[in-house]
>>> print(open('run.pdb').read())   # PDB, C-alpha atoms, pLDDT in the B column
ATOM      1  CA  MET A   1      27.549 -42.283 -91.984  1.00 65.00           C
ATOM      2  CA  SER A   2      30.057 -44.906 -91.037  1.00 87.00           C
ATOM      3  CA  PHE A   3      33.593 -44.339 -89.884  1.00 96.00           C
ATOM      4  CA  PRO A   4      36.806 -45.129 -91.739  1.00 96.00           C
ATOM      5  CA  PRO A   5      38.980 -47.823 -90.157  1.00 96.00           C
ATOM      6  CA  PRO A   6      41.812 -46.687 -87.872  1.00 96.00           C
ATOM      7  CA  SER A   7      44.979 -45.762 -89.682  1.00 93.00           C
ATOM      8  CA  ALA A   8      48.091 -47.843 -89.128  1.00 93.00           C
ATOM      9  CA  SER A   9      49.981 -44.564 -88.897  1.00 95.00           C
ATOM     10  CA  LYS A  10      50.426 -43.228 -85.383  1.00 95.00           C
ATOM     11  CA  HIS A  11      50.857 -39.773 -86.848  1.00 97.00           C
ATOM     12  CA  ASP A  12      47.517 -39.954 -88.680  1.00 95.00           C
ATOM     13  CA  LEU A  13      45.768 -41.148 -85.526  1.00 97.00           C
ATOM     14  CA  GLU A  14      47.213 -38.405 -83.378  1.00 97.00           C
ATOM     15  CA  GLU A  15      47.520 -35.471 -85.766  1.00 97.00           C
ATOM     16  CA  GLY A  16      45.196 -36.261 -88.661  1.00 93.00           C
ATOM     17  CA  ALA A  17      41.882 -34.538 -89.365  1.00 95.00           C
ATOM     18  CA  VAL A  18      39.787 -37.677 -89.823  1.00 97.00           C
ATOM     19  CA  PHE A  19      37.811 -39.332 -87.047  1.00 98.00           C
ATOM     20  CA  THR A  20      38.655 -43.050 -87.107  1.00 98.00           C
ATOM     21  CA  PRO A  21      37.309 -44.417 -83.816  1.00 98.00           C
ATOM     22  CA  LYS A  22      38.821 -47.678 -82.664  1.00 98.00           C
ATOM     23  CA  PHE A  23      36.202 -50.100 -81.384  1.00 98.00           C
ATOM     24  CA  ASP A  24      37.189 -52.991 -79.127  1.00 96.00           C
ATOM     25  CA  ALA A  25      36.637 -56.702 -79.763  1.00 94.00           C
ATOM     26  CA  ASN A  26      32.998 -56.246 -78.748  1.00 95.00           C
ATOM     27  CA  GLY A  27      32.502 -53.346 -81.144  1.00 97.00           C
ATOM     28  CA  LEU A  28      32.445 -50.778 -78.349  1.00 98.00           C
ATOM     29  CA  ILE A  29      34.302 -47.594 -77.490  1.00 98.00           C
ATOM     30  CA  VAL A  30      34.444 -46.179 -73.980  1.00 98.00           C
ATOM     31  CA  CYS A  31      32.788 -42.815 -73.380  1.00 98.00           C
ATOM     32  CA  VAL A  32      33.199 -40.378 -70.497  1.00 98.00           C
ATOM     33  CA  THR A  33      30.314 -37.974 -69.990  1.00 98.00           C
ATOM     34  CA  GLN A  34      30.996 -34.567 -68.515  1.00 98.00           C
ATOM     35  CA  GLU A  35      28.605 -31.748 -67.723  1.00 98.00           C
ATOM     36  CA  ALA A  36      29.923 -28.918 -69.892  1.00 97.00           C
ATOM     37  CA  ALA A  37      28.864 -26.088 -67.603  1.00 96.00           C
ATOM     38  CA  THR A  38      30.490 -27.414 -64.422  1.00 96.00           C
ATOM     39  CA  GLY A  39      33.126 -29.926 -65.539  1.00 97.00           C
ATOM     40  CA  GLU A  40      31.521 -32.565 -63.354  1.00 97.00           C
ATOM     41  CA  ILE A  41      31.910 -36.169 -64.548  1.00 98.00           C
ATOM     42  CA  LEU A  42      28.430 -37.630 -64.760  1.00 98.00           C
ATOM     43  CA  MET A  43      29.001 -41.197 -65.919  1.00 98.00           C
ATOM     44  CA  LEU A  44      31.096 -43.597 -67.928  1.00 98.00           C
ATOM     45  CA  ALA A  45      29.472 -45.792 -70.544  1.00 98.00           C
ATOM     46  CA  TYR A  46      30.040 -47.386 -73.945  1.00 98.00           C
ATOM     47  CA  MET A  47      29.004 -46.650 -77.506  1.00 98.00           C
ATOM     48  CA  ASN A  48      28.913 -48.900 -80.521  1.00 98.00           C
ATOM     49  CA  GLU A  49      29.218 -47.502 -84.033  1.00 98.00           C
ATOM     50  CA  LEU A  50      25.484 -46.860 -84.289  1.00 97.00           C
ATOM     51  CA  ALA A  51      25.330 -45.010 -80.960  1.00 98.00           C
ATOM     52  CA  LEU A  52      28.282 -42.859 -81.996  1.00 98.00           C
ATOM     53  CA  GLU A  53      26.684 -42.073 -85.358  1.00 98.00           C
ATOM     54  CA  LYS A  54      23.328 -41.230 -83.776  1.00 97.00           C
ATOM     55  CA  THR A  55      25.005 -38.983 -81.208  1.00 98.00           C
ATOM     56  CA  LEU A  56      26.840 -37.003 -83.890  1.00 98.00           C
ATOM     57  CA  GLU A  57      23.836 -36.865 -86.230  1.00 97.00           C
ATOM     58  CA  THR A  58      21.176 -35.879 -83.722  1.00 97.00           C
ATOM     59  CA  GLY A  59      23.118 -33.950 -81.080  1.00 97.00           C
ATOM     60  CA  VAL A  60      21.523 -36.139 -78.423  1.00 97.00           C
ATOM     61  CA  VAL A  61      23.743 -38.655 -76.645  1.00 98.00           C
ATOM     62  CA  HIS A  62      23.165 -42.338 -77.385  1.00 98.00           C
ATOM     63  CA  TYR A  63      24.986 -45.235 -75.741  1.00 98.00           C
ATOM     64  CA  TRP A  64      25.060 -48.982 -76.096  1.00 98.00           C
ATOM     65  CA  SER A  65      23.631 -50.714 -73.069  1.00 95.00           C
ATOM     66  CA  ARG A  66      25.809 -53.727 -72.300  1.00 93.00           C
ATOM     67  CA  SER A  67      23.278 -55.080 -69.812  1.00 91.00           C
ATOM     68  CA  ARG A  68      20.293 -54.786 -72.166  1.00 93.00           C
ATOM     69  CA  ASN A  69      22.315 -55.314 -75.337  1.00 95.00           C
ATOM     70  CA  ALA A  70      20.466 -52.482 -76.994  1.00 96.00           C
ATOM     71  CA  LEU A  71      20.874 -48.975 -78.308  1.00 97.00           C
ATOM     72  CA  TRP A  72      20.172 -46.601 -75.447  1.00 94.00           C
ATOM     73  CA  ARG A  73      19.074 -43.043 -76.026  1.00 95.00           C
ATOM     74  CA  LYS A  74      19.779 -41.746 -72.554  1.00 93.00           C
ATOM     75  CA  GLY A  75      16.627 -40.200 -71.142  1.00 90.00           C
ATOM     76  CA  ASP A  76      14.049 -42.130 -73.120  1.00 88.00           C
ATOM     77  CA  THR A  77      12.610 -43.538 -69.934  1.00 84.00           C
ATOM     78  CA  SER A  78      14.111 -41.240 -67.279  1.00 85.00           C
ATOM     79  CA  GLY A  79      13.789 -37.877 -69.012  1.00 89.00           C
ATOM     80  CA  GLN A  80      17.537 -37.351 -68.490  1.00 91.00           C
ATOM     81  CA  VAL A  81      18.196 -36.522 -72.117  1.00 95.00           C
ATOM     82  CA  GLN A  82      21.771 -35.361 -72.680  1.00 97.00           C
ATOM     83  CA  LYS A  83      22.202 -32.613 -75.239  1.00 97.00           C
ATOM     84  CA  LEU A  84      25.606 -32.793 -76.880  1.00 98.00           C
ATOM     85  CA  VAL A  85      27.817 -29.729 -76.525  1.00 98.00           C
ATOM     86  CA  ASP A  86      30.769 -31.401 -78.167  1.00 98.00           C
ATOM     87  CA  LEU A  87      32.312 -34.802 -78.645  1.00 98.00           C
ATOM     88  CA  ARG A  88      36.071 -35.175 -78.299  1.00 98.00           C
ATOM     89  CA  VAL A  89      38.407 -38.046 -79.029  1.00 98.00           C
ATOM     90  CA  ASP A  90      41.678 -38.941 -77.363  1.00 98.00           C
ATOM     91  CA  CYS A  91      45.129 -39.179 -78.913  1.00 98.00           C
ATOM     92  CA  ASP A  92      44.903 -42.803 -80.065  1.00 96.00           C
ATOM     93  CA  GLN A  93      41.186 -42.568 -80.874  1.00 98.00           C
ATOM     94  CA  ASP A  94      40.042 -45.382 -78.594  1.00 98.00           C
ATOM     95  CA  ALA A  95      38.069 -43.266 -76.110  1.00 98.00           C
ATOM     96  CA  VAL A  96      35.630 -40.387 -76.436  1.00 98.00           C
ATOM     97  CA  LEU A  97      34.536 -37.585 -74.159  1.00 98.00           C
ATOM     98  CA  VAL A  98      31.054 -36.142 -74.518  1.00 98.00           C
ATOM     99  CA  ARG A  99      30.423 -32.753 -73.009  1.00 98.00           C
ATOM    100  CA  VAL A 100      26.713 -32.324 -72.364  1.00 98.00           C
ATOM    101  CA  GLU A 101      23.882 -30.291 -71.024  1.00 97.00           C
ATOM    102  CA  ALA A 102      21.910 -32.623 -68.794  1.00 92.00           C
ATOM    103  CA  GLY A 103      18.147 -32.552 -69.184  1.00 89.00           C
ATOM    104  CA  GLY A 104      15.321 -33.477 -66.828  1.00 89.00           C
ATOM    105  CA  ASP A 105      16.245 -32.993 -63.179  1.00 90.00           C
ATOM    106  CA  GLY A 106      19.921 -33.449 -64.079  1.00 88.00           C
ATOM    107  CA  LYS A 107      20.383 -36.683 -62.159  1.00 93.00           C
ATOM    108  CA  ALA A 108      22.349 -38.851 -64.574  1.00 94.00           C
ATOM    109  CA  CYS A 109      22.752 -41.824 -62.235  1.00 95.00           C
ATOM    110  CA  HIS A 110      19.987 -44.401 -61.988  1.00 93.00           C
ATOM    111  CA  THR A 111      20.397 -44.311 -58.180  1.00 95.00           C
ATOM    112  CA  GLY A 112      19.007 -40.774 -58.185  1.00 94.00           C
ATOM    113  CA  ARG A 113      22.325 -38.954 -57.873  1.00 97.00           C
ATOM    114  CA  LYS A 114      23.599 -36.364 -60.311  1.00 96.00           C
ATOM    115  CA  SER A 115      26.809 -38.316 -60.962  1.00 98.00           C
ATOM    116  CA  CYS A 116      27.541 -42.034 -60.892  1.00 98.00           C
ATOM    117  CA  PHE A 117      30.839 -41.224 -59.137  1.00 98.00           C
ATOM    118  CA  TYR A 118      29.247 -40.357 -55.790  1.00 98.00           C
ATOM    119  CA  ARG A 119      31.652 -42.251 -53.518  1.00 98.00           C
ATOM    120  CA  ALA A 120      35.301 -41.745 -52.642  1.00 98.00           C
ATOM    121  CA  VAL A 121      37.528 -44.681 -51.698  1.00 98.00           C
ATOM    122  CA  SER A 122      39.746 -44.488 -48.613  1.00 97.00           C
ATOM    123  CA  PRO A 123      43.250 -46.004 -48.609  1.00 95.00           C
ATOM    124  CA  GLU A 124      41.724 -48.885 -46.609  1.00 95.00           C
ATOM    125  CA  GLY A 125      39.075 -49.547 -49.239  1.00 96.00           C
ATOM    126  CA  ARG A 126      36.131 -47.951 -47.475  1.00 97.00           C
ATOM    127  CA  LEU A 127      33.568 -45.920 -49.390  1.00 98.00           C
ATOM    128  CA  SER A 128      32.072 -42.639 -48.325  1.00 98.00           C
ATOM    129  CA  GLU A 129      29.645 -40.426 -50.182  1.00 97.00           C
ATOM    130  CA  VAL A 130      31.147 -37.185 -51.474  1.00 96.00           C
TER     131      VAL A 130
ATOM    132  CA  MET B   1      45.855 -55.023 -49.560  1.00 65.00           C
ATOM    133  CA  SER B   2      43.685 -56.864 -52.006  1.00 86.00           C
ATOM    134  CA  PHE B   3      40.065 -56.161 -52.752  1.00 96.00           C
ATOM    135  CA  PRO B   4      37.033 -58.290 -51.860  1.00 96.00           C
ATOM    136  CA  PRO B   5      35.136 -59.758 -54.820  1.00 96.00           C
ATOM    137  CA  PRO B   6      32.102 -57.859 -56.086  1.00 96.00           C
ATOM    138  CA  SER B   7      28.917 -58.576 -54.209  1.00 93.00           C
ATOM    139  CA  ALA B   8      26.066 -60.286 -56.019  1.00 93.00           C
ATOM    140  CA  SER B   9      23.796 -57.751 -54.347  1.00 95.00           C
ATOM    141  CA  LYS B  10      23.043 -54.657 -56.391  1.00 95.00           C
ATOM    142  CA  HIS B  11      22.252 -52.828 -53.177  1.00 97.00           C
ATOM    143  CA  ASP B  12      25.658 -53.663 -51.675  1.00 95.00           C
ATOM    144  CA  LEU B  13      27.424 -52.520 -54.846  1.00 97.00           C
ATOM    145  CA  GLU B  14      25.554 -49.241 -54.996  1.00 97.00           C
ATOM    146  CA  GLU B  15      24.995 -48.364 -51.354  1.00 97.00           C
ATOM    147  CA  GLY B  16      27.502 -50.439 -49.407  1.00 93.00           C
ATOM    148  CA  ALA B  17      30.610 -49.077 -47.689  1.00 95.00           C
ATOM    149  CA  VAL B  18      33.099 -51.592 -49.091  1.00 97.00           C
ATOM    150  CA  PHE B  19      35.138 -51.006 -52.232  1.00 98.00           C
ATOM    151  CA  THR B  20      34.772 -54.106 -54.421  1.00 98.00           C
ATOM    152  CA  PRO B  21      36.149 -53.088 -57.824  1.00 98.00           C
ATOM    153  CA  LYS B  22      34.992 -55.178 -60.744  1.00 98.00           C
ATOM    154  CA  PHE B  23      37.829 -56.032 -63.107  1.00 98.00           C
ATOM    155  CA  ASP B  24      37.105 -57.111 -66.670  1.00 96.00           C
ATOM    156  CA  ALA B  25      38.128 -60.383 -68.342  1.00 94.00           C
ATOM    157  CA  ASN B  26      41.654 -58.980 -68.734  1.00 95.00           C
ATOM    158  CA  GLY B  27      41.878 -58.021 -65.064  1.00 97.00           C
ATOM    159  CA  LEU B  28      41.518 -54.317 -65.790  1.00 98.00           C
ATOM    160  CA  ILE B  29      39.255 -51.496 -64.671  1.00 98.00           C
ATOM    161  CA  VAL B  30      38.802 -48.303 -66.661  1.00 98.00           C
ATOM    162  CA  CYS B  31      40.016 -45.073 -65.079  1.00 98.00           C
ATOM    163  CA  VAL B  32      39.191 -41.460 -65.972  1.00 98.00           C
ATOM    164  CA  THR B  33      41.738 -38.904 -64.830  1.00 98.00           C
ATOM    165  CA  GLN B  34      40.593 -35.393 -64.021  1.00 98.00           C
ATOM    166  CA  GLU B  35      42.584 -32.388 -62.891  1.00 98.00           C
ATOM    167  CA  ALA B  36      41.025 -31.589 -59.523  1.00 97.00           C
ATOM    168  CA  ALA B  37      41.623 -27.847 -59.649  1.00 96.00           C
ATOM    169  CA  THR B  38      40.042 -27.215 -63.052  1.00 96.00           C
ATOM    170  CA  GLY B  39      37.777 -30.206 -63.752  1.00 97.00           C
ATOM    171  CA  GLU B  40      39.611 -30.807 -67.021  1.00 97.00           C
ATOM    172  CA  ILE B  41      39.718 -34.434 -68.196  1.00 98.00           C
ATOM    173  CA  LEU B  42      43.353 -35.292 -68.765  1.00 98.00           C
ATOM    174  CA  MET B  43      43.261 -38.884 -69.963  1.00 98.00           C
ATOM    175  CA  LEU B  44      41.560 -42.247 -69.865  1.00 98.00           C
ATOM    176  CA  ALA B  45      43.552 -45.347 -68.988  1.00 98.00           C
ATOM    177  CA  TYR B  46      43.317 -48.696 -67.230  1.00 98.00           C
ATOM    178  CA  MET B  47      44.394 -50.112 -63.878  1.00 98.00           C
ATOM    179  CA  ASN B  48      44.883 -53.666 -62.784  1.00 98.00           C
ATOM    180  CA  GLU B  49      44.544 -54.680 -59.147  1.00 98.00           C
ATOM    181  CA  LEU B  50      48.188 -53.864 -58.411  1.00 97.00           C
ATOM    182  CA  ALA B  51      47.977 -50.407 -59.981  1.00 98.00           C
ATOM    183  CA  LEU B  52      44.838 -49.661 -58.001  1.00 98.00           C
ATOM    184  CA  GLU B  53      46.448 -50.836 -54.765  1.00 98.00           C
ATOM    185  CA  LYS B  54      49.614 -48.816 -55.397  1.00 97.00           C
ATOM    186  CA  THR B  55      47.576 -45.717 -56.197  1.00 98.00           C
ATOM    187  CA  LEU B  56      45.621 -45.947 -52.950  1.00 98.00           C
ATOM    188  CA  GLU B  57      48.672 -46.858 -50.850  1.00 97.00           C
ATOM    189  CA  THR B  58      51.097 -44.269 -52.188  1.00 97.00           C
ATOM    190  CA  GLY B  59      48.828 -41.398 -53.234  1.00 97.00           C
ATOM    191  CA  VAL B  60      50.576 -41.375 -56.603  1.00 97.00           C
ATOM    192  CA  VAL B  61      48.599 -42.587 -59.612  1.00 98.00           C
ATOM    193  CA  HIS B  62      49.647 -45.890 -61.181  1.00 98.00           C
ATOM    194  CA  TYR B  63      48.129 -47.433 -64.300  1.00 98.00           C
ATOM    195  CA  TRP B  64      48.531 -50.639 -66.234  1.00 98.00           C
ATOM    196  CA  SER B  65      50.041 -50.045 -69.645  1.00 95.00           C
ATOM    197  CA  ARG B  66      48.210 -52.253 -72.129  1.00 94.00           C
ATOM    198  CA  SER B  67      50.785 -51.551 -74.845  1.00 91.00           C
ATOM    199  CA  ARG B  68      53.793 -52.345 -72.673  1.00 93.00           C
ATOM    200  CA  ASN B  69      51.990 -54.899 -70.507  1.00 95.00           C
ATOM    201  CA  ALA B  70      53.551 -53.407 -67.407  1.00 96.00           C
ATOM    202  CA  LEU B  71      52.769 -51.442 -64.281  1.00 97.00           C
ATOM    203  CA  TRP B  72      53.069 -47.776 -65.154  1.00 94.00           C
ATOM    204  CA  ARG B  73      53.742 -45.158 -62.528  1.00 95.00           C
ATOM    205  CA  LYS B  74      52.738 -42.138 -64.579  1.00 93.00           C
ATOM    206  CA  GLY B  75      55.627 -39.702 -64.693  1.00 90.00           C
ATOM    207  CA  ASP B  76      58.503 -42.100 -64.122  1.00 88.00           C
ATOM    208  CA  THR B  77      59.961 -41.166 -67.476  1.00 84.00           C
ATOM    209  CA  SER B  78      58.085 -37.938 -68.319  1.00 85.00           C
ATOM    210  CA  GLY B  79      58.082 -36.224 -64.926  1.00 89.00           C
ATOM    211  CA  GLN B  80      54.261 -35.969 -65.180  1.00 91.00           C
ATOM    212  CA  VAL B  81      53.664 -37.538 -61.772  1.00 95.00           C
ATOM    213  CA  GLN B  82      50.009 -37.378 -60.777  1.00 97.00           C
ATOM    214  CA  LYS B  83      49.331 -36.771 -57.103  1.00 97.00           C
ATOM    215  CA  LEU B  84      46.043 -38.297 -56.027  1.00 98.00           C
ATOM    216  CA  VAL B  85      43.480 -35.919 -54.585  1.00 98.00           C
ATOM    217  CA  ASP B  86      40.825 -38.578 -54.374  1.00 98.00           C
ATOM    218  CA  LEU B  87      39.721 -41.754 -56.087  1.00 98.00           C
ATOM    219  CA  ARG B  88      36.030 -42.309 -56.730  1.00 98.00           C
ATOM    220  CA  VAL B  89      34.084 -45.300 -57.939  1.00 98.00           C
ATOM    221  CA  ASP B  90      30.879 -45.434 -59.931  1.00 98.00           C
ATOM    222  CA  CYS B  91      27.554 -46.956 -58.981  1.00 98.00           C
ATOM    223  CA  ASP B  92      28.249 -50.496 -60.188  1.00 96.00           C
ATOM    224  CA  GLN B  93      31.942 -50.337 -59.261  1.00 98.00           C
ATOM    225  CA  ASP B  94      33.332 -51.083 -62.705  1.00 98.00           C
ATOM    226  CA  ALA B  95      34.941 -47.683 -63.354  1.00 98.00           C
ATOM    227  CA  VAL B  96      37.023 -45.289 -61.290  1.00 98.00           C
ATOM    228  CA  LEU B  97      37.678 -41.577 -61.422  1.00 98.00           C
ATOM    229  CA  VAL B  98      40.974 -40.223 -60.118  1.00 98.00           C
ATOM    230  CA  ARG B  99      41.111 -36.550 -59.323  1.00 98.00           C
ATOM    231  CA  VAL B 100      44.713 -35.382 -59.411  1.00 98.00           C
ATOM    232  CA  GLU B 101      47.229 -32.616 -59.191  1.00 97.00           C
ATOM    233  CA  ALA B 102      49.381 -32.903 -62.284  1.00 92.00           C
ATOM    234  CA  GLY B 103      53.127 -32.632 -61.784  1.00 89.00           C
ATOM    235  CA  GLY B 104      55.924 -31.626 -64.120  1.00 89.00           C
ATOM    236  CA  ASP B 105      54.800 -29.193 -66.799  1.00 90.00           C
ATOM    237  CA  GLY B 106      51.251 -30.531 -66.488  1.00 88.00           C
ATOM    238  CA  LYS B 107      51.105 -32.019 -69.964  1.00 93.00           C
ATOM    239  CA  ALA B 108      49.521 -35.411 -69.386  1.00 94.00           C
ATOM    240  CA  CYS B 109      49.393 -36.440 -73.045  1.00 95.00           C
ATOM    241  CA  HIS B 110      52.432 -38.013 -74.674  1.00 93.00           C
ATOM    242  CA  THR B 111      51.854 -35.737 -77.691  1.00 95.00           C
ATOM    243  CA  GLY B 112      52.807 -32.755 -75.535  1.00 94.00           C
ATOM    244  CA  ARG B 113      49.283 -31.521 -74.841  1.00 97.00           C
ATOM    245  CA  LYS B 114      47.810 -31.060 -71.394  1.00 96.00           C
ATOM    246  CA  SER B 115      44.893 -33.388 -72.164  1.00 98.00           C
ATOM    247  CA  CYS B 116      44.615 -36.392 -74.457  1.00 98.00           C
ATOM    248  CA  PHE B 117      41.181 -35.107 -75.519  1.00 98.00           C
ATOM    249  CA  TYR B 118      42.509 -32.246 -77.631  1.00 98.00           C
ATOM    250  CA  ARG B 119      40.263 -32.698 -80.677  1.00 98.00           C
ATOM    251  CA  ALA B 120      36.552 -32.206 -81.221  1.00 98.00           C
ATOM    252  CA  VAL B 121      34.654 -34.263 -83.805  1.00 98.00           C
ATOM    253  CA  SER B 122      32.309 -32.549 -86.256  1.00 97.00           C
ATOM    254  CA  PRO B 123      29.016 -34.173 -87.303  1.00 95.00           C
ATOM    255  CA  GLU B 124      30.788 -35.094 -90.556  1.00 95.00           C
ATOM    256  CA  GLY B 125      33.610 -36.871 -88.715  1.00 96.00           C
ATOM    257  CA  ARG B 126      36.261 -34.197 -89.086  1.00 97.00           C
ATOM    258  CA  LEU B 127      38.647 -33.396 -86.241  1.00 98.00           C
ATOM    259  CA  SER B 128      39.690 -29.969 -85.091  1.00 98.00           C
ATOM    260  CA  GLU B 129      41.891 -29.026 -82.191  1.00 97.00           C
ATOM    261  CA  VAL B 130      40.053 -27.372 -79.289  1.00 96.00           C
TER     262      VAL B 130
END
>>> encode(input="run.pdb", output="structure tokens")
Amino acid sequence: MSFPPPSASKHDLEEGAVFTPKFDANGLIVCVTQEAATGEILMLAYMNELALEKTLETGVVHYWSRSRNALWRKGDTSGQVQKLVDLRVDCDQDAVLVRVEAGGDGKACHTGRKSCFYRAVSPEGRLSEV
Amino acid sequence: MSFPPPSASKHDLEEGAVFTPKFDANGLIVCVTQEAATGEILMLAYMNELALEKTLETGVVHYWSRSRNALWRKGDTSGQVQKLVDLRVDCDQDAVLVRVEAGGDGKACHTGRKSCFYRAVSPEGRLSEV
């Protein structure tokens, strides 16, 4: 599977029935990952076309690792496999949301936390764990 | 207020108490917007340093509009003002999550939906409204 190019029609992008993801200059699309059962945001990462295809085909979430420059099947080393519940796209088709069941011990962040968004920012720019 | 530059230390980024947002080559940081009361993801957008500062200072969410190339106080024209509940940052400080109370009629998407992520993608690449 590969994806058709984005339509030039705003109406097609927003109201059409065809998935035409818009990749950026680096061939990536931003992806927000949410635990389906709780609504908690687990992480934010990127997919390239291959990662997006693999995610839809296998039902297991794949990303593109920008630091390793490699396809990244989340959980291959950590056991934190993410089972896809559904994949959604936003109005202009340049961002996706994956709703998942988290596998392993459910800690999606490499620091050992469940979510990568474990700190709140004060108005003065100080961080505190939530 | 302006923000200190990102530390070269991974430990400082992940465990430190200072907010050092990492902006990309265009001076932007990606932002996920979540309705605090329900956990629903409303939208994904970008902030520049000014938008991030204004959001923290005023408690009202500001973005950077990439299409208009302008500071964008969400709701100025639509009435969909987003009141900040809290702003969180991820482990490597290159993405933020804003948890909000949505104002106006609560429809964050310009298409008239509550959320921009109103379509699910089938394995065959077809879209259907959720």
>>> resolve_selection(input="run.pdb", expression="the PyMOL selection byres ((chain A and resi 40) around 10)", output="ChimeraX atom specification")
/A:33-39,41-43,99,114-115,117 /B:34,39-41
>>> interface_residues(input="run.pdb", of="chain A", to="chain B", cutoff="7 Å", atoms="only C-alpha atoms", output="list in words")
Ala17, Val18, Phe19, Gly39, Glu40, Leu56, Glu57, Asp86, Leu87, Arg88, Val89, Asp90, Cys91, Cys116, Phe117, Tyr118, Arg119, Ala120, Val121, Pro123, Gly125, Arg126, Leu127 and Ser128 of chain A
>>> residues_around(input="run.pdb", residues="stretch 77-83 of chain A", least_positions_apart="3", cutoff="6 Å", atoms="only C-alpha atoms", output="ChimeraX atom specification")
/A:60-61,74,100-104
>>> resolve_selection(input="run.pdb", expression="the PyMOL selection byres ((chain A and resi 47) around 8)", output="PDB file with C-alpha atoms, in the coordinates of the input")
ATOM      1  CA  LEU A  28      32.445 -50.778 -78.349  1.00 98.00           C
ATOM      2  CA  ILE A  29      34.302 -47.594 -77.490  1.00 98.00           C
ATOM      3  CA  VAL A  30      34.444 -46.179 -73.980  1.00 98.00           C
ATOM      4  CA  CYS A  31      32.788 -42.815 -73.380  1.00 98.00           C
ATOM      5  CA  ALA A  45      29.472 -45.792 -70.544  1.00 98.00           C
ATOM      6  CA  TYR A  46      30.040 -47.386 -73.945  1.00 98.00           C
ATOM      7  CA  ASN A  48      28.913 -48.900 -80.521  1.00 98.00           C
ATOM      8  CA  GLU A  49      29.218 -47.502 -84.033  1.00 98.00           C
ATOM      9  CA  LEU A  50      25.484 -46.860 -84.289  1.00 97.00           C
ATOM     10  CA  ALA A  51      25.330 -45.010 -80.960  1.00 98.00           C
ATOM     11  CA  LEU A  52      28.282 -42.859 -81.996  1.00 98.00           C
ATOM     12  CA  HIS A  62      23.165 -42.338 -77.385  1.00 98.00           C
ATOM     13  CA  TYR A  63      24.986 -45.235 -75.741  1.00 98.00           C
ATOM     14  CA  TRP A  64      25.060 -48.982 -76.096  1.00 98.00           C
TER      15      TRP A  64
END
>>> axis_aligned_box(input="run.pdb", around="stretch 2-20 of chain B", padding_each_side="3 Å", output="JSON")
{"center_x": 33.0, "center_y": -54.3, "center_z": -52.0, "size_x": 27.4, "size_y": 17.9, "size_z": 14.7}
>>> atom_distance(input="run.pdb", atom1="atom CA of B:Val85", atom2="atom CA of B:Gly106")
15.2 Å
>>> atom_distance(input="run.pdb", atom1="atom CA of B:Ala25", atom2="atom CA of A:Lys22")
19.2 Å
>>> atom_distance(input="run.pdb", atom1="atom CA of B:His11", atom2="atom CA of A:Trp72")
23.2 Å
